[in-house]
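To be precise, the following lines are upload13.txt, and they hold compact mmCIF, C-alpha atoms and all ligand atoms.
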```txt
# COMPACT_ATOMS: atom_id res chain seq x y z
CA MET A 1 8.32 -63.31 -48.33
CA LYS A 2 5.53 -61.79 -50.39
CA VAL A 3 2.38 -60.55 -48.64
CA ARG A 4 -0.68 -59.75 -50.70
CA PHE A 5 -3.88 -58.20 -49.29
CA LEU A 6 -6.68 -59.77 -51.34
CA GLY A 7 -9.44 -58.12 -49.30
CA THR A 8 -9.38 -55.41 -46.60
CA ALA A 9 -13.00 -54.96 -45.43
CA ALA A 10 -14.90 -56.10 -42.37
CA ALA A 11 -17.74 -58.63 -42.62
CA GLU A 12 -20.21 -56.51 -44.57
CA GLY A 13 -17.76 -55.37 -47.28
CA TRP A 14 -17.44 -51.68 -48.17
CA PRO A 15 -19.72 -50.69 -49.92
CA ALA A 16 -21.63 -53.12 -47.70
CA VAL A 17 -23.73 -55.79 -49.32
CA PHE A 18 -27.19 -54.46 -48.31
CA CYS A 19 -26.29 -50.94 -47.19
CA ASN A 20 -27.34 -47.50 -48.36
CA CYS A 21 -25.42 -45.34 -45.88
CA GLU A 22 -23.46 -42.23 -46.84
CA ASN A 23 -20.11 -43.97 -46.25
CA CYS A 24 -21.03 -46.77 -48.63
CA LYS A 25 -22.29 -44.35 -51.27
CA LYS A 26 -19.08 -42.35 -50.93
CA ALA A 27 -16.89 -45.46 -51.32
CA ALA A 28 -18.85 -46.52 -54.40
CA ALA A 29 -18.54 -43.04 -55.93
CA LEU A 30 -14.82 -42.71 -55.17
CA GLY A 31 -14.04 -46.28 -56.27
CA GLY A 32 -10.38 -47.44 -56.40
CA LYS A 33 -8.83 -48.14 -52.99
CA ASN A 34 -12.11 -47.25 -51.26
CA VAL A 35 -13.81 -50.38 -52.58
CA ARG A 36 -13.00 -53.20 -50.17
CA THR A 37 -13.92 -56.89 -50.18
CA ARG A 38 -13.83 -59.24 -47.18
CA SER A 39 -10.40 -59.65 -45.57
CA GLN A 40 -8.01 -62.28 -46.87
CA ILE A 41 -4.22 -62.39 -47.20
CA LEU A 42 -2.03 -64.51 -49.47
CA VAL A 43 1.56 -65.15 -48.38
CA ASN A 44 3.81 -66.00 -51.33
CA ASP A 45 1.46 -68.08 -53.42
CA ASP A 46 0.96 -71.05 -51.14
CA LEU A 47 -0.25 -69.85 -47.73
CA LEU A 48 -3.67 -68.30 -47.35
CA ILE A 49 -5.02 -66.52 -44.28
CA ASP A 50 -8.80 -66.92 -43.99
CA LEU A 51 -11.38 -68.16 -46.48
CA PRO A 52 -14.11 -65.50 -46.87
CA PRO A 53 -17.04 -65.78 -49.29
CA ASP A 54 -15.06 -63.40 -51.55
CA THR A 55 -12.30 -65.94 -52.17
CA TYR A 56 -13.62 -66.73 -55.65
CA LEU A 57 -13.86 -63.03 -56.48
CA HIS A 58 -10.22 -62.66 -55.37
CA LYS A 59 -9.17 -65.53 -57.63
CA LEU A 60 -10.84 -63.76 -60.57
CA ALA A 61 -9.66 -60.24 -59.71
CA TYR A 62 -5.97 -61.15 -59.29
CA GLY A 63 -5.71 -64.18 -61.59
CA LEU A 64 -4.60 -66.45 -58.74
CA ASP A 65 -3.76 -70.13 -58.94
CA LEU A 66 -5.23 -71.22 -55.61
CA SER A 67 -4.39 -74.85 -56.35
CA LYS A 68 -0.87 -73.95 -55.16
CA VAL A 69 -2.10 -73.18 -51.64
CA HIS A 70 -1.01 -75.96 -49.28
CA THR A 71 -1.57 -74.12 -45.99
CA LEU A 72 -4.71 -72.33 -44.83
CA LEU A 73 -4.75 -70.43 -41.55
CA VAL A 74 -8.23 -69.58 -40.29
CA THR A 75 -8.46 -66.99 -37.53
CA HIS A 76 -12.03 -67.72 -36.38
CA SER A 77 -15.40 -68.98 -37.57
CA HIS A 78 -17.13 -65.66 -38.39
CA MET A 79 -18.55 -65.85 -41.90
CA ASP A 80 -16.21 -63.19 -43.32
CA HIS A 81 -13.26 -65.40 -42.35
CA PHE A 82 -14.54 -68.90 -43.02
CA TYR A 83 -16.99 -70.05 -45.69
CA PRO A 84 -16.51 -73.82 -45.33
CA MET A 85 -18.55 -74.94 -48.34
CA GLU A 86 -16.00 -73.38 -50.71
CA LEU A 87 -13.67 -76.24 -49.77
CA SER A 88 -16.08 -78.73 -51.40
CA MET A 89 -14.80 -77.49 -54.78
CA ARG A 90 -11.19 -78.38 -53.95
CA GLY A 91 -10.45 -81.53 -55.99
CA SER A 92 -12.31 -84.42 -57.66
CA CYS A 93 -14.12 -83.30 -60.87
CA TYR A 94 -14.26 -79.68 -59.59
CA ALA A 95 -10.54 -78.94 -59.64
CA HIS A 96 -8.09 -80.67 -61.98
CA ASP A 97 -4.30 -80.62 -62.01
CA MET A 98 -3.99 -79.37 -58.42
CA GLN A 99 -0.48 -78.09 -57.70
CA SER A 100 -0.94 -79.03 -54.04
CA PRO A 101 -3.16 -82.07 -53.62
CA PHE A 102 -3.40 -81.68 -49.84
CA LEU A 103 -4.52 -78.70 -47.80
CA ASP A 104 -3.33 -78.31 -44.20
CA VAL A 105 -5.74 -76.15 -42.22
CA PHE A 106 -4.65 -74.52 -38.94
CA CYS A 107 -7.48 -73.10 -36.84
CA ASP A 108 -9.38 -73.19 -33.56
CA GLU A 109 -11.84 -75.94 -32.59
CA LYS A 110 -14.96 -74.03 -33.66
CA VAL A 111 -13.70 -73.51 -37.21
CA LYS A 112 -13.23 -77.26 -37.55
CA GLU A 113 -16.68 -77.85 -36.04
CA SER A 114 -18.26 -75.45 -38.51
CA PHE A 115 -16.58 -77.36 -41.35
CA LEU A 116 -17.86 -80.69 -39.98
CA LEU A 117 -21.41 -79.29 -39.70
CA SER A 118 -21.39 -77.91 -43.24
CA SER A 119 -19.80 -80.98 -44.79
CA GLY A 120 -22.34 -83.18 -42.96
CA PHE A 121 -25.23 -81.09 -44.24
CA GLU A 122 -24.12 -81.01 -47.87
CA LYS A 123 -21.97 -84.09 -48.26
CA PHE A 124 -18.41 -83.64 -49.59
CA GLY A 125 -16.94 -86.19 -52.00
CA ASP A 126 -14.57 -88.55 -50.15
CA GLU A 127 -11.61 -87.58 -52.30
CA VAL A 128 -12.13 -83.88 -51.51
CA TYR A 129 -12.88 -84.48 -47.83
CA ASN A 130 -9.81 -86.68 -47.31
CA ALA A 131 -7.43 -84.17 -48.93
CA ILE A 132 -8.04 -81.68 -46.09
CA ARG A 133 -5.92 -82.18 -42.98
CA TRP A 134 -7.03 -80.40 -39.81
CA HIS A 135 -4.70 -79.02 -37.18
CA VAL A 136 -6.50 -77.45 -34.22
CA MET A 137 -4.15 -74.92 -32.61
CA PRO A 138 -4.40 -73.60 -29.07
CA GLN A 139 -3.84 -69.91 -28.31
CA PHE A 140 -0.09 -69.51 -27.79
CA GLY A 141 0.59 -72.71 -29.72
CA SER A 142 3.04 -73.19 -32.57
CA ALA A 143 3.19 -75.44 -35.60
CA ARG A 144 5.10 -76.02 -38.80
CA SER A 145 3.85 -76.35 -42.36
CA GLY A 146 6.38 -76.77 -45.17
CA ASP A 147 9.02 -74.15 -44.46
CA TYR A 148 6.63 -71.92 -42.49
CA GLU A 149 6.72 -71.63 -38.71
CA ILE A 150 3.30 -70.64 -37.42
CA TYR A 151 2.59 -69.04 -34.03
CA ALA A 152 -0.96 -68.53 -32.74
CA PHE A 153 -1.88 -65.56 -30.53
CA LYS A 154 -4.99 -64.96 -28.40
CA ALA A 155 -7.49 -62.69 -30.16
CA ARG A 156 -9.73 -60.37 -28.14
CA HIS A 157 -12.65 -61.39 -30.32
CA ALA A 158 -15.45 -63.96 -30.81
CA PHE A 159 -15.61 -65.16 -27.23
CA GLN A 160 -17.68 -68.28 -28.08
CA GLU A 161 -14.43 -69.70 -29.42
CA LYS A 162 -10.70 -69.41 -28.84
CA ALA A 163 -10.08 -67.08 -31.78
CA LEU A 164 -6.53 -66.72 -33.11
CA PHE A 165 -4.28 -64.37 -34.98
CA PHE A 166 -0.95 -65.44 -36.41
CA LEU A 167 2.72 -64.76 -36.82
CA ILE A 168 4.32 -66.60 -39.74
CA ARG A 169 8.05 -66.96 -40.15
CA GLN A 170 9.84 -68.23 -43.23
CA GLY A 171 13.62 -68.20 -43.05
CA GLU A 172 14.67 -64.83 -41.64
CA LYS A 173 11.40 -63.06 -42.42
CA ALA A 174 8.32 -62.81 -40.22
CA PHE A 175 4.84 -61.45 -40.84
CA MET A 176 2.35 -60.83 -38.05
CA GLN A 177 -1.34 -60.67 -38.97
CA CYS A 178 -3.53 -59.18 -36.22
CA ASN A 179 -7.19 -59.37 -37.18
CA ASP A 180 -9.81 -59.86 -35.94
CA THR A 181 -8.85 -58.64 -32.51
CA GLY A 182 -9.21 -55.74 -30.14
CA TYR A 183 -6.18 -54.33 -28.32
CA PHE A 184 -3.61 -56.99 -27.31
CA TYR A 185 -3.95 -58.89 -24.05
CA GLU A 186 -0.81 -58.60 -21.94
CA GLU A 187 -0.18 -62.32 -22.66
CA ASN A 188 0.29 -61.48 -26.35
CA PHE A 189 3.12 -59.05 -25.62
CA ALA A 190 4.64 -61.71 -23.34
CA PHE A 191 4.31 -64.46 -26.00
CA LEU A 192 5.92 -62.28 -28.64
CA GLU A 193 8.81 -61.63 -26.29
CA LYS A 194 9.05 -65.33 -25.40
CA ILE A 195 9.28 -66.60 -28.97
CA GLY A 196 11.91 -63.91 -29.58
CA ILE A 197 10.81 -63.05 -33.11
CA LYS A 198 10.66 -59.41 -34.14
CA PRO A 199 8.24 -59.29 -37.08
CA ASP A 200 9.31 -57.43 -40.23
CA PHE A 201 5.72 -56.60 -41.07
CA VAL A 202 2.67 -56.19 -38.81
CA ALA A 203 -0.91 -55.81 -40.09
CA LEU A 204 -3.46 -54.49 -37.58
CA ASP A 205 -7.24 -54.64 -37.24
CA CYS A 206 -8.62 -51.12 -37.76
CA THR A 207 -12.30 -52.06 -38.17
CA ASN A 208 -13.65 -49.08 -36.24
CA GLY A 209 -11.76 -46.33 -38.09
CA LYS A 210 -12.49 -43.03 -36.36
CA LEU A 211 -14.74 -44.71 -33.74
CA SER A 212 -13.19 -45.93 -30.51
CA PHE A 213 -14.53 -48.62 -28.19
CA GLY A 214 -11.47 -48.52 -25.96
CA LYS A 215 -9.09 -51.30 -25.02
CA GLU A 216 -11.89 -53.72 -24.15
CA GLY A 217 -13.45 -53.56 -27.63
CA THR A 218 -13.31 -56.65 -29.83
CA HIS A 219 -11.95 -54.69 -32.80
CA MET A 220 -9.60 -51.74 -32.90
CA GLY A 221 -10.05 -48.27 -34.34
CA ALA A 222 -7.39 -45.73 -35.28
CA ALA A 223 -6.85 -44.74 -31.63
CA GLU A 224 -6.20 -48.31 -30.42
CA CYS A 225 -3.95 -49.04 -33.43
CA GLU A 226 -1.86 -45.97 -32.60
CA GLU A 227 -1.54 -47.07 -29.01
CA LEU A 228 -0.55 -50.60 -30.01
CA VAL A 229 2.07 -49.49 -32.55
CA THR A 230 3.56 -47.15 -29.95
CA ARG A 231 3.67 -49.88 -27.30
CA LEU A 232 5.26 -52.50 -29.62
CA ARG A 233 7.96 -49.98 -30.61
CA LYS A 234 8.53 -48.81 -27.04
CA ASP A 235 8.88 -52.39 -25.73
CA GLY A 236 11.35 -53.24 -28.50
CA LEU A 237 9.13 -56.08 -29.75
CA VAL A 238 9.59 -54.98 -33.36
CA LYS A 239 12.60 -53.96 -35.44
CA LYS A 240 13.49 -50.32 -36.11
CA ASP A 241 12.34 -50.74 -39.70
CA THR A 242 9.31 -52.96 -39.11
CA VAL A 243 6.50 -51.98 -41.46
CA PHE A 244 3.05 -51.49 -39.94
CA ALA A 245 -0.22 -51.47 -41.87
CA VAL A 246 -3.90 -51.23 -40.90
CA THR A 247 -6.67 -53.31 -42.49
CA HIS A 248 -10.18 -54.88 -42.03
CA PHE A 249 -12.22 -51.65 -42.31
CA SER A 250 -15.94 -51.25 -41.65
CA HIS A 251 -18.13 -48.62 -43.32
CA ASN A 252 -19.10 -47.49 -39.79
CA GLY A 253 -15.49 -46.38 -39.27
CA ALA A 254 -16.24 -43.75 -41.92
CA LEU A 255 -12.69 -42.77 -42.94
CA THR A 256 -11.92 -42.97 -46.66
CA HIS A 257 -8.63 -44.47 -47.81
CA GLU A 258 -7.17 -40.99 -48.30
CA GLU A 259 -8.33 -39.87 -44.83
CA LEU A 260 -6.83 -42.99 -43.26
CA GLU A 261 -3.52 -42.35 -45.04
CA LYS A 262 -3.46 -38.77 -43.82
CA HIS A 263 -4.28 -39.87 -40.29
CA PHE A 264 -1.62 -42.58 -40.11
CA ALA A 265 1.20 -40.86 -42.03
CA PRO A 266 2.74 -39.13 -38.97
CA LEU A 267 2.96 -42.53 -37.24
CA GLY A 268 4.58 -44.15 -40.28
CA VAL A 269 1.75 -46.68 -40.66
CA ALA A 270 0.57 -47.77 -44.13
CA VAL A 271 -3.08 -48.29 -45.07
CA ALA A 272 -3.82 -51.58 -46.80
CA TYR A 273 -6.11 -51.78 -49.82
CA ASP A 274 -7.43 -54.60 -51.96
CA GLY A 275 -4.67 -55.94 -54.19
CA TRP A 276 -1.75 -54.33 -52.28
CA GLU A 277 1.30 -56.55 -52.55
CA THR A 278 4.46 -56.01 -50.59
CA GLU A 279 7.76 -57.88 -50.34
CA ILE A 280 9.31 -58.18 -46.90
ZN ZN B 301 -13.83 -59.98 -39.62
ZN ZN B 302 -22.84 -48.58 -45.31
ZN ZN B 303 -14.79 -61.61 -36.52
```
Take the structure I supplied and represent it as structure tokens, if you would.
Ligand SMILES: [Zn+2]
Ligand SMILES: [Zn+2]
Ligand SMILES: [Zn+2]
Amino acid sequence: MKVRFLGTAAAEGWPAVFCNCENCKKAAALGGKNVRTRSQILVNDDLLIDLPPDTYLHKLAYGLDLSKVHTLLVTHSHMDHFYPMELSMRGSCYAHDMQSPFLDVFCDEKVKESFLLSSGFEKFGDEVYNAIRWHVMPQFGSARSGDYEIYAFKARHAFQEKALFFLIRQGEKAFMQCNDTGYFYEENFAFLEKIGIKPDFVALDCTNGKLSFGKEGTHMGAAECEELVTRLRKDGLVKKDTVFAVTHFSHNGALTHEELEKHFAPLGVAVAYDGWETEI
């Protein structure tokens, strides 16, 4: 299973779209791994996690063929994770020779609602509209799409909806994507134990960087990530060689890529960056 981080920033991007803070200026000056677009992950070349406004930029930057994507998992309706109008370009005269004519979308109720609102406001062509198949998933639900098994966890985030994060298994390999969320609810540890899958790779929300809002916060920072990694290892919910990475960084978290790497090295946790591809 191939996991590719197309974007690794929080909602505002880093440098942030309208910002002039020191952290944004520093990221712009340093360039490279310090420049981060809105979070999105591509698994193999046919399963996409989230649809931020930077999707088109990702297609250009990495030369992707997004017509191959047959499965889209959307974690929640915040704009950095779901820009519904982009789907209006998927088919008809806007997209020829699609490798996957249908798109199966797995999400919570509010994501689907936001799509229905947008597509009602600026009408989609029937052909495009009908090629999208919606699958509303409950927290702690499971589903199948092609040869992927999909498990939905309960995010500590966006309380106006039942926000999700996902574990995806294909064959013997499993990838767990944990953003956006604060520290795990106890039910998440229990669900992971119940499904009996030890992920090979776990990506964690580290929005807050050096800031900490404790275990009740709706994003994690370095301190909460450390605590979560330690707990998952201690409870035997991951393998001995499970790879951990942190992602979804906000400029307010302040730590540069190099500082994050230095911070997380003793814990054996990698720091994701835009374009990072890893085989699990
Ligand atoms: Zn986000
Ligand atoms: Zn800034
Ligand atoms: Zn969010």
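For the residues A:Gly120, A:Pro52, A:Gly268, A:Pro138, ranking by smallest atom-to-atom distance to ligand ZN 303 (chain B) using only C-alpha atoms and all ligand atoms places A:Pro52 first.
Computed from the coordinates, the CA of Thr278 in chain A to CA of Ile150 in chain A distance equals 19.7 Å.
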Produce the centre coordinates and the three edge lengths, each in Å to one decimal, of the box along x, y and z that contains all listed atoms of range 117-128 of chain A with 3 Å added on each side, as AutoDock Vina command-line options.
```
--center_x -18.4 --center_y -83.2 --center_z -46.0 --size_x 19.6 --size_y 16.6 --size_z 18.6
```
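Nearest residue to Asp274 in chain A among A:Ala61, A:Ala11, A:Leu260, A:Leu48 is A:Ala61, counting all atoms listed in the file.
Among A:Ala131, A:Ala29, A:Ala203, A:Leu6, the residue with the shortest atom-to-atom distance to Asp50 in chain A, counting only C-alpha atoms, is A:Leu6.
Computed from the coordinates, the CA of Cys21 in chain A to CA of Lys33 in chain A distance equals 18.3 Å.
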Counting all atoms listed in the file, what are the residues, protein, DNA or RNA alike, that approach ligand ZN 301 (chain B) to within 10 Å? I want them as a ChimeraX atom specification. /A:8-13,38-40,50,52,75-82,157-158,179-181,205,207,219,248-250
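Closest approach to ligand ZN 302 (chain B) from the set A:Phe189, A:Trp14, A:Phe5, A:Tyr62 is made by A:Trp14, with distances taken over all atoms listed in the file.
Distances to ligand ZN 302 (chain B) were evaluated for A:Asn252, A:Lys194, A:Thr230, A:Glu277 using only C-alpha atoms and all ligand atoms, and the minimum falls at A:Asn252.
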Pick the closest to ligand ZN 302 (chain B) from A:Arg156, A:Ser88, A:Gly253, A:Gly275: which is it, counting all atoms listed in the file? A:Gly253
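Counting from CA of Thr218 in chain A, the distance to CA of His251 in chain A is 16.4 Å.
Those protein and nucleic acid residues that have any atom within 6 Å of ligand ZN 302 (chain B) are, using all atoms listed in the file, Pro15, Ala16, Cys19, Asn20, Cys21, Asn23, Cys24 and His251 of chain A.
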Could you pull the residues within 9 Å of Glu187 in chain A, counting only C-alpha atoms, minus those fewer than 4 positions along the same chain, as a ChimeraX atom specification? /A:140,153-154,191-192
Expected file: the selected residues, C-alpha atoms, as a PDB file, in the frame of the given file:
```
ATOM      1  CA  PHE A 140      -0.090 -69.510 -27.790  1.00  0.00           C
ATOM      2  CA  PHE A 153      -1.880 -65.560 -30.530  1.00  0.00           C
ATOM      3  CA  LYS A 154      -4.990 -64.960 -28.400  1.00  0.00           C
ATOM      4  CA  PHE A 191       4.310 -64.460 -26.000  1.00  0.00           C
ATOM      5  CA  LEU A 192       5.920 -62.280 -28.640  1.00  0.00           C
TER       6      LEU A 192
END
```
Determine, counting all atoms listed in the file, which protein, DNA and RNA residues have an atom within 12 Å of an atom of Met98 in chain A; residues of the same chain fewer than 5 positions away are not included. Present the result as a ChimeraX atom specification. /A:65-70,89-93,103,128,131
Residues just named, written with C-alpha atoms as a compact mmCIF listing (two decimals), in the frame of the given file:
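Saved file part-v7.txt follows:
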```
# COMPACT_ATOMS: atom_id res chain seq x y z
CA ASP A 65 -3.76 -70.13 -58.94
CA LEU A 66 -5.23 -71.22 -55.61
CA SER A 67 -4.39 -74.85 -56.35
CA LYS A 68 -0.87 -73.95 -55.16
CA VAL A 69 -2.10 -73.18 -51.64
CA HIS A 70 -1.01 -75.96 -49.28
CA MET A 89 -14.80 -77.49 -54.78
CA ARG A 90 -11.19 -78.38 -53.95
CA GLY A 91 -10.45 -81.53 -55.99
CA SER A 92 -12.31 -84.42 -57.66
CA CYS A 93 -14.12 -83.30 -60.87
CA LEU A 103 -4.52 -78.70 -47.80
CA VAL A 128 -12.13 -83.88 -51.51
CA ALA A 131 -7.43 -84.17 -48.93
```
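By chain and then residue number, the residues within 9 Å of Phe115 in chain A are Phe82, Tyr83, Pro84, Met85 and Leu87 of chain A, counting all atoms listed in the file and disregarding those fewer than 6 positions away in sequence.
Surrounding residues of (10.9, -64.6, -33.0) at most 12 Å away are A:Ser142, A:Glu149, A:Ile150, A:Tyr151, A:Leu167, A:Ile168, A:Arg169, A:Gln170, A:Gly171, A:Glu172, A:Lys173, A:Ala174, A:Phe175, A:Met176, A:Ala190, A:Phe191, A:Leu192, A:Glu193, A:Lys194, A:Ile195, A:Gly196, A:Ile197, A:Lys198, A:Pro199, A:Asp200, A:Leu237, A:Val238, A:Lys239 (based on all atoms listed in the file).
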